[in-house]
>>> print(open('target_25.pdb').read())   # PDB, C-alpha atoms, pLDDT in the B column
MODEL        1
ATOM      1  CA  MET A 597     109.713 127.259  69.546  1.00 55.00           C
ATOM      2  CA  PRO A 598     113.313 128.545  69.190  1.00 60.00           C
ATOM      3  CA  PRO A 599     116.087 126.400  70.662  1.00 64.00           C
ATOM      4  CA  ARG A 600     117.006 126.997  74.296  1.00 79.00           C
ATOM      5  CA  THR A 601     120.601 128.038  74.726  1.00 78.00           C
ATOM      6  CA  LEU A 602     123.330 126.900  77.095  1.00 87.00           C
ATOM      7  CA  SER A 603     126.587 128.738  77.679  1.00 85.00           C
ATOM      8  CA  ARG A 604     129.489 127.510  75.534  1.00 84.00           C
ATOM      9  CA  SER A 605     131.945 130.072  76.902  1.00 81.00           C
ATOM     10  CA  GLY A 606     132.055 129.167  80.604  1.00 76.00           C
ATOM     11  CA  THR A 607     133.816 126.358  82.420  1.00 83.00           C
ATOM     12  CA  GLU A 608     130.671 124.523  83.549  1.00 88.00           C
ATOM     13  CA  PRO A 609     130.025 121.386  81.458  1.00 90.00           C
ATOM     14  CA  LEU A 610     127.025 121.478  79.157  1.00 91.00           C
ATOM     15  CA  TRP A 611     125.488 118.399  80.767  1.00 92.00           C
ATOM     16  CA  ARG A 612     125.513 120.067  84.186  1.00 90.00           C
ATOM     17  CA  GLN A 613     123.929 123.225  82.757  1.00 91.00           C
ATOM     18  CA  LEU A 614     121.272 121.080  81.138  1.00 92.00           C
ATOM     19  CA  GLN A 615     120.658 119.224  84.382  1.00 91.00           C
ATOM     20  CA  ARG A 616     120.182 122.515  86.264  1.00 89.00           C
ATOM     21  CA  GLU A 617     117.901 123.850  83.520  1.00 90.00           C
ATOM     22  CA  LEU A 618     115.692 120.762  83.664  1.00 90.00           C
ATOM     23  CA  LEU A 619     115.490 120.950  87.462  1.00 88.00           C
ATOM     24  CA  THR A 620     114.422 124.607  87.189  1.00 88.00           C
ATOM     25  CA  ARG A 621     111.700 123.690  84.727  1.00 88.00           C
ATOM     26  CA  LEU A 622     110.523 120.826  86.940  1.00 85.00           C
ATOM     27  CA  ASP A 623     110.328 123.170  89.953  1.00 82.00           C
ATOM     28  CA  ALA A 624     108.258 125.557  87.811  1.00 84.00           C
ATOM     29  CA  GLY A 625     105.692 122.813  87.209  1.00 82.00           C
ATOM     30  CA  GLU A 626     106.640 121.760  83.682  1.00 87.00           C
ATOM     31  CA  PHE A 627     106.608 118.153  82.477  1.00 85.00           C
ATOM     32  CA  THR A 628     103.558 117.227  84.571  1.00 77.00           C
ATOM     33  CA  ASP A 629     102.085 115.311  81.624  1.00 77.00           C
ATOM     34  CA  GLN A 630     105.230 113.960  80.017  1.00 84.00           C
ATOM     35  CA  PHE A 631     108.989 114.317  80.381  1.00 87.00           C
ATOM     36  CA  PRO A 632     110.789 114.983  77.065  1.00 88.00           C
ATOM     37  CA  GLY A 633     112.772 112.185  75.481  1.00 88.00           C
ATOM     38  CA  GLU A 634     116.445 112.301  74.596  1.00 89.00           C
ATOM     39  CA  LEU A 635     115.977 113.344  70.956  1.00 91.00           C
ATOM     40  CA  ALA A 636     113.560 116.121  71.916  1.00 90.00           C
ATOM     41  CA  LEU A 637     116.115 117.540  74.356  1.00 92.00           C
ATOM     42  CA  VAL A 638     118.896 117.254  71.761  1.00 92.00           C
ATOM     43  CA  GLU A 639     116.822 119.357  69.362  1.00 91.00           C
ATOM     44  CA  GLU A 640     115.544 121.793  71.990  1.00 91.00           C
ATOM     45  CA  TYR A 641     118.971 122.608  73.461  1.00 92.00           C
ATOM     46  CA  GLU A 642     121.127 121.945  70.380  1.00 91.00           C
ATOM     47  CA  VAL A 643     123.477 119.629  72.249  1.00 91.00           C
ATOM     48  CA  SER A 644     124.792 116.145  71.582  1.00 93.00           C
ATOM     49  CA  ARG A 645     122.951 113.029  72.647  1.00 92.00           C
ATOM     50  CA  SER A 646     125.819 112.135  74.994  1.00 93.00           C
ATOM     51  CA  THR A 647     125.325 115.495  76.781  1.00 93.00           C
ATOM     52  CA  VAL A 648     121.638 114.748  77.237  1.00 91.00           C
ATOM     53  CA  ARG A 649     122.320 111.221  78.458  1.00 90.00           C
ATOM     54  CA  GLN A 650     124.810 112.431  81.062  1.00 91.00           C
ATOM     55  CA  ALA A 651     122.348 115.019  82.383  1.00 89.00           C
ATOM     56  CA  LEU A 652     119.571 112.424  82.546  1.00 88.00           C
ATOM     57  CA  ARG A 653     121.900 109.903  84.184  1.00 85.00           C
ATOM     58  CA  GLN A 654     122.468 112.310  87.062  1.00 83.00           C
ATOM     59  CA  LEU A 655     118.752 113.085  87.364  1.00 85.00           C
ATOM     60  CA  ARG A 656     118.112 109.331  87.603  1.00 80.00           C
ATOM     61  CA  ALA A 657     120.817 108.927  90.238  1.00 73.00           C
ATOM     62  CA  ASP A 658     119.216 111.722  92.274  1.00 70.00           C
ATOM     63  CA  GLY A 659     115.804 110.059  92.036  1.00 69.00           C
ATOM     64  CA  VAL A 660     114.261 112.934  90.067  1.00 78.00           C
ATOM     65  CA  ILE A 661     113.275 110.898  87.029  1.00 79.00           C
ATOM     66  CA  VAL A 662     112.743 107.244  86.236  1.00 72.00           C
ATOM     67  CA  ALA A 663     114.090 105.880  82.975  1.00 66.00           C
ATOM     68  CA  GLU A 664     113.970 102.245  81.938  1.00 60.00           C
ATOM     69  CA  ARG A 665     115.802 100.813  78.943  1.00 62.00           C
ATOM     70  CA  GLY A 666     113.859 101.453  75.746  1.00 61.00           C
ATOM     71  CA  ARG A 667     111.310 103.730  77.429  1.00 68.00           C
ATOM     72  CA  GLN A 668     110.957 107.484  77.595  1.00 72.00           C
ATOM     73  CA  PRO A 669     112.017 109.080  80.918  1.00 76.00           C
ATOM     74  CA  ARG A 670     109.257 110.116  83.298  1.00 74.00           C
ATOM     75  CA  VAL A 671     109.165 112.245  86.417  1.00 74.00           C
ATOM     76  CA  ALA A 672     109.602 110.082  89.509  1.00 65.00           C
ATOM     77  CA  PRO A 673     106.493 110.067  91.700  1.00 64.00           C
ATOM     78  CA  PRO A 674     106.904 111.386  95.237  1.00 59.00           C
ATOM     79  CA  ALA A 675     107.464 108.785  97.919  1.00 57.00           C
ATOM     80  CA  GLU A 676     104.160 107.686  99.408  1.00 67.00           C
ATOM     81  CA  ILE A 677     105.578 107.186 102.911  1.00 68.00           C
ATOM     82  CA  ALA A 678     107.895 109.720 104.532  1.00 67.00           C
ATOM     83  CA  GLN A 679     109.488 108.750 107.833  1.00 67.00           C
ATOM     84  CA  PRO A 680     111.165 111.342 110.092  1.00 66.00           C
ATOM     85  CA  MET A 681     114.580 110.322 111.341  1.00 68.00           C
ATOM     86  CA  GLY A 682     115.521 110.522 114.991  1.00 63.00           C
ATOM     87  CA  ALA A 683     112.225 109.075 116.266  1.00 61.00           C
ATOM     88  CA  LEU A 684     111.204 105.596 117.355  1.00 62.00           C
ATOM     89  CA  TYR A 685     108.636 104.717 114.709  1.00 68.00           C
ATOM     90  CA  SER A 686     106.433 101.893 113.528  1.00 72.00           C
ATOM     91  CA  LEU A 687     106.268 101.101 109.810  1.00 76.00           C
ATOM     92  CA  PHE A 688     102.690  99.953 110.403  1.00 74.00           C
ATOM     93  CA  ALA A 689     101.791 103.356 111.880  1.00 74.00           C
ATOM     94  CA  SER A 690     103.622 105.213 109.105  1.00 77.00           C
ATOM     95  CA  VAL A 691     101.656 103.402 106.392  1.00 78.00           C
ATOM     96  CA  GLU A 692      98.381 104.011 108.217  1.00 74.00           C
ATOM     97  CA  ALA A 693      99.261 107.705 108.595  1.00 74.00           C
ATOM     98  CA  ALA A 694      99.840 107.919 104.830  1.00 75.00           C
ATOM     99  CA  GLY A 695      96.230 106.810 104.298  1.00 79.00           C
ATOM    100  CA  LEU A 696      97.192 103.546 102.622  1.00 80.00           C
ATOM    101  CA  SER A 697      95.625 100.177 103.285  1.00 84.00           C
ATOM    102  CA  GLN A 698      97.844  97.887 105.328  1.00 84.00           C
ATOM    103  CA  HIS A 699      98.383  94.179 104.886  1.00 90.00           C
ATOM    104  CA  SER A 700     101.150  91.685 105.622  1.00 93.00           C
ATOM    105  CA  VAL A 701     101.874  88.227 104.291  1.00 95.00           C
ATOM    106  CA  VAL A 702     103.365  86.262 107.192  1.00 96.00           C
ATOM    107  CA  ARG A 703     106.092  84.035 105.773  1.00 96.00           C
ATOM    108  CA  THR A 704     107.485  82.588 109.015  1.00 97.00           C
ATOM    109  CA  PHE A 705     106.463  82.941 112.660  1.00 97.00           C
ATOM    110  CA  ASP A 706     108.162  80.552 115.056  1.00 97.00           C
ATOM    111  CA  VAL A 707     110.682  80.071 117.868  1.00 98.00           C
ATOM    112  CA  ARG A 708     114.282  79.347 116.905  1.00 97.00           C
ATOM    113  CA  ALA A 709     117.903  79.932 117.882  1.00 96.00           C
ATOM    114  CA  ASP A 710     120.243  82.265 116.022  1.00 96.00           C
ATOM    115  CA  ALA A 711     123.684  82.740 117.538  1.00 96.00           C
ATOM    116  CA  LEU A 712     124.488  85.952 115.666  1.00 95.00           C
ATOM    117  CA  VAL A 713     121.220  87.664 116.559  1.00 97.00           C
ATOM    118  CA  ALA A 714     121.463  86.410 120.152  1.00 97.00           C
ATOM    119  CA  GLU A 715     124.852  88.088 120.430  1.00 96.00           C
ATOM    120  CA  ARG A 716     123.354  91.367 119.207  1.00 96.00           C
ATOM    121  CA  LEU A 717     120.655  91.027 121.856  1.00 97.00           C
ATOM    122  CA  GLU A 718     123.331  90.301 124.479  1.00 97.00           C
ATOM    123  CA  LEU A 719     122.063  86.745 125.004  1.00 97.00           C
ATOM    124  CA  GLU A 720     123.613  83.275 125.024  1.00 97.00           C
ATOM    125  CA  ALA A 721     123.942  81.766 121.533  1.00 96.00           C
ATOM    126  CA  SER A 722     121.349  79.043 122.182  1.00 97.00           C
ATOM    127  CA  THR A 723     118.713  81.375 123.660  1.00 97.00           C
ATOM    128  CA  PRO A 724     115.276  80.780 122.064  1.00 98.00           C
ATOM    129  CA  LEU A 725     114.085  83.702 119.929  1.00 98.00           C
ATOM    130  CA  VAL A 726     110.683  84.522 118.478  1.00 98.00           C
ATOM    131  CA  TYR A 727     111.179  85.097 114.738  1.00 98.00           C
ATOM    132  CA  LEU A 728     108.641  86.904 112.542  1.00 97.00           C
ATOM    133  CA  GLU A 729     109.151  87.312 108.788  1.00 97.00           C
ATOM    134  CA  ARG A 730     106.632  89.294 106.752  1.00 96.00           C
ATOM    135  CA  LEU A 731     106.125  90.781 103.310  1.00 96.00           C
ATOM    136  CA  ARG A 732     104.613  94.188 104.070  1.00 92.00           C
ATOM    137  CA  LEU A 733     102.126  95.660 101.600  1.00 91.00           C
ATOM    138  CA  ALA A 734     100.822  99.229 101.433  1.00 88.00           C
ATOM    139  CA  GLY A 735      97.922 100.133  99.182  1.00 86.00           C
ATOM    140  CA  GLY A 736      97.921  96.578  97.887  1.00 87.00           C
ATOM    141  CA  GLU A 737     101.495  96.826  96.570  1.00 89.00           C
ATOM    142  CA  PRO A 738     104.646  95.318  98.146  1.00 92.00           C
ATOM    143  CA  LEU A 739     106.546  97.801 100.294  1.00 91.00           C
ATOM    144  CA  ALA A 740     109.039  95.923 102.482  1.00 93.00           C
ATOM    145  CA  LEU A 741     110.527  92.616 103.522  1.00 96.00           C
ATOM    146  CA  ASP A 742     110.604  92.626 107.306  1.00 95.00           C
ATOM    147  CA  ARG A 743     112.425  90.207 109.647  1.00 96.00           C
ATOM    148  CA  VAL A 744     112.267  90.555 113.431  1.00 97.00           C
ATOM    149  CA  TRP A 745     113.839  88.617 116.308  1.00 98.00           C
ATOM    150  CA  LEU A 746     112.859  89.004 119.982  1.00 98.00           C
ATOM    151  CA  PRO A 747     113.821  87.006 123.110  1.00 98.00           C
ATOM    152  CA  ALA A 748     111.268  84.226 123.541  1.00 98.00           C
ATOM    153  CA  GLU A 749     111.085  84.810 127.285  1.00 97.00           C
ATOM    154  CA  VAL A 750     109.635  88.232 126.464  1.00 96.00           C
ATOM    155  CA  ALA A 751     107.805  87.643 123.196  1.00 97.00           C
ATOM    156  CA  LYS A 752     106.189  84.172 123.515  1.00 97.00           C
ATOM    157  CA  PRO A 753     102.783  85.758 124.312  1.00 97.00           C
ATOM    158  CA  LEU A 754     102.873  87.151 120.743  1.00 97.00           C
ATOM    159  CA  LEU A 755     102.640  83.717 119.121  1.00 97.00           C
ATOM    160  CA  PRO A 756      98.812  83.589 118.983  1.00 96.00           C
ATOM    161  CA  ALA A 757      98.655  87.032 117.316  1.00 95.00           C
ATOM    162  CA  ASP A 758      97.595  87.461 113.694  1.00 95.00           C
ATOM    163  CA  PHE A 759     100.122  89.804 112.079  1.00 95.00           C
ATOM    164  CA  THR A 760      98.390  90.093 108.722  1.00 93.00           C
ATOM    165  CA  HIS A 761      96.961  93.433 109.869  1.00 89.00           C
ATOM    166  CA  THR A 762      98.390  94.588 113.145  1.00 89.00           C
ATOM    167  CA  GLY A 763     101.533  96.307 114.355  1.00 89.00           C
ATOM    168  CA  LEU A 764     104.215  94.419 116.256  1.00 93.00           C
ATOM    169  CA  TYR A 765     104.815  97.189 118.781  1.00 92.00           C
ATOM    170  CA  ALA A 766     101.127  97.557 119.608  1.00 91.00           C
ATOM    171  CA  GLU A 767     100.785  93.798 120.133  1.00 95.00           C
ATOM    172  CA  LEU A 768     103.996  93.694 122.172  1.00 95.00           C
ATOM    173  CA  ALA A 769     102.672  96.395 124.500  1.00 95.00           C
ATOM    174  CA  ARG A 770      99.196  94.861 124.744  1.00 95.00           C
ATOM    175  CA  ARG A 771     100.250  91.243 125.318  1.00 96.00           C
ATOM    176  CA  THR A 772     103.472  91.678 127.303  1.00 96.00           C
ATOM    177  CA  GLY A 773     103.453  95.223 128.670  1.00 96.00           C
ATOM    178  CA  VAL A 774     106.826  95.877 126.995  1.00 95.00           C
ATOM    179  CA  ARG A 775     107.210  99.255 125.285  1.00 94.00           C
ATOM    180  CA  LEU A 776     110.348 100.099 123.359  1.00 93.00           C
ATOM    181  CA  ASP A 777     111.894 103.320 124.578  1.00 91.00           C
ATOM    182  CA  HIS A 778     115.066 103.813 122.526  1.00 90.00           C
ATOM    183  CA  GLY A 779     117.280 102.175 119.944  1.00 91.00           C
ATOM    184  CA  ARG A 780     119.724 102.556 117.104  1.00 91.00           C
ATOM    185  CA  GLU A 781     119.286 102.193 113.355  1.00 90.00           C
ATOM    186  CA  GLU A 782     121.689 101.767 110.481  1.00 92.00           C
ATOM    187  CA  VAL A 783     120.296 102.651 107.049  1.00 91.00           C
ATOM    188  CA  ARG A 784     122.052 101.755 103.819  1.00 92.00           C
ATOM    189  CA  ALA A 785     121.123 102.084 100.166  1.00 91.00           C
ATOM    190  CA  VAL A 786     121.356  98.692  98.471  1.00 93.00           C
ATOM    191  CA  ILE A 787     120.485  97.020  95.178  1.00 92.00           C
ATOM    192  CA  PRO A 788     117.972  94.227  95.874  1.00 92.00           C
ATOM    193  CA  THR A 789     118.818  90.743  94.665  1.00 93.00           C
ATOM    194  CA  ALA A 790     116.754  89.222  91.859  1.00 92.00           C
ATOM    195  CA  ALA A 791     114.766  87.208  94.423  1.00 93.00           C
ATOM    196  CA  GLU A 792     114.116  90.306  96.536  1.00 94.00           C
ATOM    197  CA  ARG A 793     113.049  92.319  93.473  1.00 92.00           C
ATOM    198  CA  ALA A 794     110.577  89.586  92.608  1.00 93.00           C
ATOM    199  CA  GLN A 795     109.066  89.668  96.104  1.00 94.00           C
ATOM    200  CA  LEU A 796     108.954  93.462  96.213  1.00 93.00           C
ATOM    201  CA  ALA A 797     107.688  93.723  92.605  1.00 91.00           C
ATOM    202  CA  CYS A 798     110.130  96.545  91.851  1.00 87.00           C
ATOM    203  CA  ALA A 799     111.974  97.361  88.635  1.00 83.00           C
ATOM    204  CA  HIS A 800     115.620  96.445  88.111  1.00 83.00           C
ATOM    205  CA  ASP A 801     116.721 100.085  88.484  1.00 79.00           C
ATOM    206  CA  VAL A 802     114.981 100.690  91.825  1.00 85.00           C
ATOM    207  CA  ALA A 803     117.236 100.721  94.886  1.00 89.00           C
ATOM    208  CA  ALA A 804     116.108  99.901  98.399  1.00 92.00           C
ATOM    209  CA  PHE A 805     116.789 100.931 101.972  1.00 91.00           C
ATOM    210  CA  ALA A 806     118.305  98.189 104.133  1.00 94.00           C
ATOM    211  CA  ILE A 807     117.459  99.120 107.724  1.00 92.00           C
ATOM    212  CA  ASN A 808     118.960  97.334 110.728  1.00 94.00           C
ATOM    213  CA  ARG A 809     117.400  98.262 114.067  1.00 94.00           C
ATOM    214  CA  LEU A 810     118.367  97.328 117.617  1.00 96.00           C
ATOM    215  CA  SER A 811     115.643  98.401 120.046  1.00 95.00           C
ATOM    216  CA  HIS A 812     115.715  98.569 123.844  1.00 96.00           C
ATOM    217  CA  ALA A 813     113.143  98.586 126.612  1.00 95.00           C
ATOM    218  CA  ARG A 814     114.006  99.476 130.196  1.00 92.00           C
ATOM    219  CA  GLY A 815     117.714  99.237 129.579  1.00 92.00           C
ATOM    220  CA  ARG A 816     117.851  95.862 127.784  1.00 95.00           C
ATOM    221  CA  PRO A 817     117.864  95.028 124.051  1.00 97.00           C
ATOM    222  CA  VAL A 818     114.632  93.278 123.066  1.00 97.00           C
ATOM    223  CA  GLU A 819     114.406  93.561 119.274  1.00 97.00           C
ATOM    224  CA  TRP A 820     116.707  93.011 116.325  1.00 97.00           C
ATOM    225  CA  ARG A 821     115.065  93.895 113.027  1.00 96.00           C
ATOM    226  CA  HIS A 822     116.205  93.830 109.416  1.00 96.00           C
ATOM    227  CA  THR A 823     113.910  95.556 106.928  1.00 94.00           C
ATOM    228  CA  LEU A 824     114.350  95.970 103.180  1.00 95.00           C
ATOM    229  CA  VAL A 825     112.145  98.826 101.935  1.00 92.00           C
ATOM    230  CA  ARG A 826     111.486  99.860  98.342  1.00 91.00           C
ATOM    231  CA  GLY A 827     113.289 103.140  97.705  1.00 88.00           C
ATOM    232  CA  ASP A 828     110.641 104.387  95.260  1.00 85.00           C
ATOM    233  CA  ARG A 829     107.869 104.239  97.875  1.00 84.00           C
ATOM    234  CA  TYR A 830     109.648 105.364 101.025  1.00 82.00           C
ATOM    235  CA  ALA A 831     111.663 108.420 102.077  1.00 79.00           C
ATOM    236  CA  LEU A 832     113.630 109.355 105.192  1.00 77.00           C
ATOM    237  CA  THR A 833     113.354 112.985 106.280  1.00 77.00           C
ATOM    238  CA  ALA A 834     115.169 115.183 108.801  1.00 73.00           C
ATOM    239  CA  GLU A 835     114.513 118.678 110.114  1.00 74.00           C
ATOM    240  CA  PHE A 836     117.264 121.172 110.840  1.00 73.00           C
ATOM    241  CA  SER A 837     117.694 124.730 112.097  1.00 71.00           C
ATOM    242  CA  ALA A 838     120.483 127.293 112.424  1.00 70.00           C
ATOM    243  CA  ALA A 839     121.694 125.241 115.371  1.00 67.00           C
ATOM    244  CA  GLY A 840     122.026 122.239 113.073  1.00 65.00           C
ATOM    245  CA  TYR A 841     120.943 118.656 113.628  1.00 58.00           C
ATOM    246  CA  ARG A 842     122.687 115.487 114.645  1.00 57.00           C
ATOM    247  CA  LEU A 843     122.314 112.108 113.009  1.00 53.00           C
ATOM    248  CA  VAL A 844     124.402 109.258 114.403  1.00 48.00           C
TER     249      VAL A 844
ENDMDL
END
>>> encode(input="target_25.pdb", output="structure tokens")
Amino acid sequence: MPPRTLSRSGTEPLWRQLQRELLTRLDAGEFTDQFPGELALVEEYEVSRSTVRQALRQLRADGVIVAERGRQPRVAPPAEIAQPMGALYSLFASVEAAGLSQHSVVRTFDVRADALVAERLELEASTPLVYLERLRLAGGEPLALDRVWLPAEVAKPLLPADFTHTGLYAELARRTGVRLDHGREEVRAVIPTAAERAQLACAHDVAAFAINRLSHARGRPVEWRHTLVRGDRYALTAEFSAAGYRLV
């Protein structure tokens, strides 16, 4: 096969041309069996290894390919769980909707005080809170570390529940009659700590979503949640039209 050519006469850097070329080939369905290694791309496009590395570095940053030290790059698999933004959702329901088996390892489930969380819930610092900490698994593989706080006066009926395979919101509605009706989330991309990577069983180059959620029911805050979700298994989506969309 003759070498593929990139333009040497324009102003666009070679690495960016190569990146665009590889994206075009991926969209056309190439590389389904194997993504070419650095040396193969050097030979195919007659460019330097540094040009190839810069193009691949950007593809990694965009989540298109996965490349670990000493291993050949591979096409990143699509996220198994896609969650629309702008809707009050349950991670339990999202995993079930993706057709994956659901299981949680309950790490802690008790009543405690937390002054910082109480402030977020607009409560006195010493107010008792129900605290639930779980490692969430989907399809038998770790997906998320999930920590939830709720006012004990509301959530104490939850304490007999078995959260190894049930959703918090369904149990909250069934046992207390409380249904969340609105809230606010903050989502950030973070690098998990070594301890978090070990729990989530993810590679060193996999980022995660850190999601903080404050949920309300009937005009009062009733849930503060912090969730760390593996970025290689989960995606946030948004729809838009000519009128645009609004994310706050």
>>> atom_distance(input="target_25.pdb", atom1="atom CA of His822 of chain A", atom2="atom CA of Ile661 of chain A")
28.3 Å
>>> closest_residue(input="target_25.pdb", among="A:Pro747, A:Pro753, A:Gly815, A:Pro738", to="Asp828 of chain A", atoms="all atoms listed in the file")
A:Pro738
>>> closest_residue(input="target_25.pdb", among="A:Asp623, A:Ile787, A:Trp745, A:Ala689", to="Arg708 of chain A", atoms="all atoms listed in the file")
A:Trp745
>>> residues_around(input="target_25.pdb", residues="Tyr765 of chain A", least_positions_apart="5", cutoff="10 Å", atoms="only C-alpha atoms", output="ChimeraX atom specification")
/A:685-689,770-771,774-776
>>> write_last_selection(input="target_25.pdb", atoms="C-alpha atoms", output="PDB file, in the coordinates of the input")
ATOM      1  CA  TYR A 685     108.636 104.717 114.709  1.00 68.00           C
ATOM      2  CA  SER A 686     106.433 101.893 113.528  1.00 72.00           C
ATOM      3  CA  LEU A 687     106.268 101.101 109.810  1.00 76.00           C
ATOM      4  CA  PHE A 688     102.690  99.953 110.403  1.00 74.00           C
ATOM      5  CA  ALA A 689     101.791 103.356 111.880  1.00 74.00           C
ATOM      6  CA  ARG A 770      99.196  94.861 124.744  1.00 95.00           C
ATOM      7  CA  ARG A 771     100.250  91.243 125.318  1.00 96.00           C
ATOM      8  CA  VAL A 774     106.826  95.877 126.995  1.00 95.00           C
ATOM      9  CA  ARG A 775     107.210  99.255 125.285  1.00 94.00           C
ATOM     10  CA  LEU A 776     110.348 100.099 123.359  1.00 93.00           C
TER      11      LEU A 776
END
>>> atom_distance(input="target_25.pdb", atom1="atom CA of Val702 of chain A", atom2="atom CA of Asp758 of chain A")
8.8 Å
>>> resolve_selection(input="target_25.pdb", expression="the PyMOL selection byres ((chain A and resi 696-699) around 10)", output="list in words")
Glu676, Ile677, Phe688, Ala689, Ser690, Val691, Glu692, Ala693, Ala694, Gly695, Ser700, Val701, Val702, Arg730, Leu731, Arg732, Leu733, Ala734, Gly735, Gly736, Glu737, Pro738, Phe759, Thr760, His761, Thr762 and Gly763 of chain A
>>> resolve_selection(input="target_25.pdb", expression="the PyMOL selection byres ((chain A and resi 724) around 7)", output="ChimeraX atom specification")
/A:707-709,722-723,725-726,747-748
>>> closest_residue(input="target_25.pdb", among="A:Asn808, A:Thr772, A:Thr607, A:Thr628", to="Thr823 of chain A", atoms="all atoms listed in the file")
A:Asn808
>>> resolve_selection(input="target_25.pdb", expression="the PyMOL selection byres ((chain A and resi 601) around 12)", output="mmCIF file with C-alpha atoms, in the frame of the given file")
data_model
loop_
_atom_site.group_PDB
_atom_site.id
_atom_site.type_symbol
_atom_site.label_atom_id
_atom_site.label_comp_id
_atom_site.auth_asym_id
_atom_site.auth_seq_id
_atom_site.Cartn_x
_atom_site.Cartn_y
_atom_site.Cartn_z
ATOM 1 C CA PRO A 598 113.313 128.545 69.190
ATOM 2 C CA PRO A 599 116.087 126.400 70.662
ATOM 3 C CA ARG A 600 117.006 126.997 74.296
ATOM 4 C CA LEU A 602 123.330 126.900 77.095
ATOM 5 C CA SER A 603 126.587 128.738 77.679
ATOM 6 C CA ARG A 604 129.489 127.510 75.534
ATOM 7 C CA SER A 605 131.945 130.072 76.902
ATOM 8 C CA LEU A 610 127.025 121.478 79.157
ATOM 9 C CA GLN A 613 123.929 123.225 82.757
ATOM 10 C CA LEU A 614 121.272 121.080 81.138
ATOM 11 C CA GLU A 617 117.901 123.850 83.520
ATOM 12 C CA LEU A 637 116.115 117.540 74.356
ATOM 13 C CA VAL A 638 118.896 117.254 71.761
ATOM 14 C CA GLU A 639 116.822 119.357 69.362
ATOM 15 C CA GLU A 640 115.544 121.793 71.990
ATOM 16 C CA TYR A 641 118.971 122.608 73.461
ATOM 17 C CA GLU A 642 121.127 121.945 70.380
ATOM 18 C CA VAL A 643 123.477 119.629 72.249
#
>>> closest_residue(input="target_25.pdb", among="A:Ser811, A:Gln654, A:Gln795, A:Gln615", to="Glu781 of chain A", atoms="only C-alpha atoms")
A:Ser811
>>> atom_distance(input="target_25.pdb", atom1="atom CA of Ala714 of chain A", atom2="atom CA of Arg780 of chain A")
16.5 Å
>>> closest_residue(input="target_25.pdb", among="A:Leu622, A:Leu768, A:Ala657, A:Arg670", to="Glu634 of chain A", atoms="all atoms listed in the file")
A:Arg670
>>> closest_residue(input="target_25.pdb", among="A:Asp801, A:Gly827, A:Leu728, A:Leu754", to="Arg656 of chain A", atoms="all atoms listed in the file")
A:Asp801
>>> residues_around(input="target_25.pdb", residues="Val713 of chain A", least_positions_apart="3", cutoff="10 Å", atoms="only C-alpha atoms", output="list in words")
Ala709, Asp710, Arg716, Leu717, Glu718, Leu719, Glu720, Ala721, Thr723, Leu725, Val744, Trp745, Leu746, Pro747, Glu819, Trp820 and Arg821 of chain A
>>> axis_aligned_box(input="target_25.pdb", around="segment 643-657 of chain A", padding_each_side="8 Å", output="JSON")
{"center_x": 122.0, "center_y": 114.3, "center_z": 80.9, "size_x": 23.7, "size_y": 26.7, "size_z": 34.7}
>>> residues_around(input="target_25.pdb", residues="Phe627 of chain A", least_positions_apart="3", cutoff="12 Å", atoms="all atoms listed in the file", output="PyMOL selection string")
chain A and resi 618-624+630-633+660-661+669-672
>>> write_last_selection(input="target_25.pdb", atoms="C-alpha atoms", output="PDB file, in the frame of the given file")
ATOM      1  CA  LEU A 618     115.692 120.762  83.664  1.00 90.00           C
ATOM      2  CA  LEU A 619     115.490 120.950  87.462  1.00 88.00           C
ATOM      3  CA  THR A 620     114.422 124.607  87.189  1.00 88.00           C
ATOM      4  CA  ARG A 621     111.700 123.690  84.727  1.00 88.00           C
ATOM      5  CA  LEU A 622     110.523 120.826  86.940  1.00 85.00           C
ATOM      6  CA  ASP A 623     110.328 123.170  89.953  1.00 82.00           C
ATOM      7  CA  ALA A 624     108.258 125.557  87.811  1.00 84.00           C
ATOM      8  CA  GLN A 630     105.230 113.960  80.017  1.00 84.00           C
ATOM      9  CA  PHE A 631     108.989 114.317  80.381  1.00 87.00           C
ATOM     10  CA  PRO A 632     110.789 114.983  77.065  1.00 88.00           C
ATOM     11  CA  GLY A 633     112.772 112.185  75.481  1.00 88.00           C
ATOM     12  CA  VAL A 660     114.261 112.934  90.067  1.00 78.00           C
ATOM     13  CA  ILE A 661     113.275 110.898  87.029  1.00 79.00           C
ATOM     14  CA  PRO A 669     112.017 109.080  80.918  1.00 76.00           C
ATOM     15  CA  ARG A 670     109.257 110.116  83.298  1.00 74.00           C
ATOM     16  CA  VAL A 671     109.165 112.245  86.417  1.00 74.00           C
ATOM     17  CA  ALA A 672     109.602 110.082  89.509  1.00 65.00           C
TER      18      ALA A 672
END
>>> build_atoms(input="target_25.pdb", residues="segment 826-831 of chain A", atoms="N, CA and C atoms", output="mmCIF file, in the frame of the given file")
data_model
loop_
_atom_site.group_PDB
_atom_site.id
_atom_site.type_symbol
_atom_site.label_atom_id
_atom_site.label_comp_id
_atom_site.auth_asym_id
_atom_site.auth_seq_id
_atom_site.Cartn_x
_atom_site.Cartn_y
_atom_site.Cartn_z
ATOM 1 N N ARG A 826 111.380 99.314 99.691
ATOM 2 C CA ARG A 826 111.486 99.860 98.342
ATOM 3 C C ARG A 826 111.811 101.353 98.386
ATOM 4 N N GLY A 827 112.880 101.740 97.692
ATOM 5 C CA GLY A 827 113.289 103.140 97.705
ATOM 6 C C GLY A 827 112.372 104.063 96.939
ATOM 7 N N ASP A 828 111.538 103.527 96.030
ATOM 8 C CA ASP A 828 110.641 104.387 95.260
ATOM 9 C C ASP A 828 109.321 104.650 95.978
ATOM 10 N N ARG A 829 109.124 104.030 97.149
ATOM 11 C CA ARG A 829 107.869 104.239 97.875
ATOM 12 C C ARG A 829 108.095 104.810 99.271
ATOM 13 N N TYR A 830 109.332 105.041 99.638
ATOM 14 C CA TYR A 830 109.648 105.364 101.025
ATOM 15 C C TYR A 830 110.761 106.405 101.048
ATOM 16 N N ALA A 831 110.641 107.378 101.951
ATOM 17 C CA ALA A 831 111.663 108.420 102.077
ATOM 18 C C ALA A 831 111.956 108.673 103.544
#
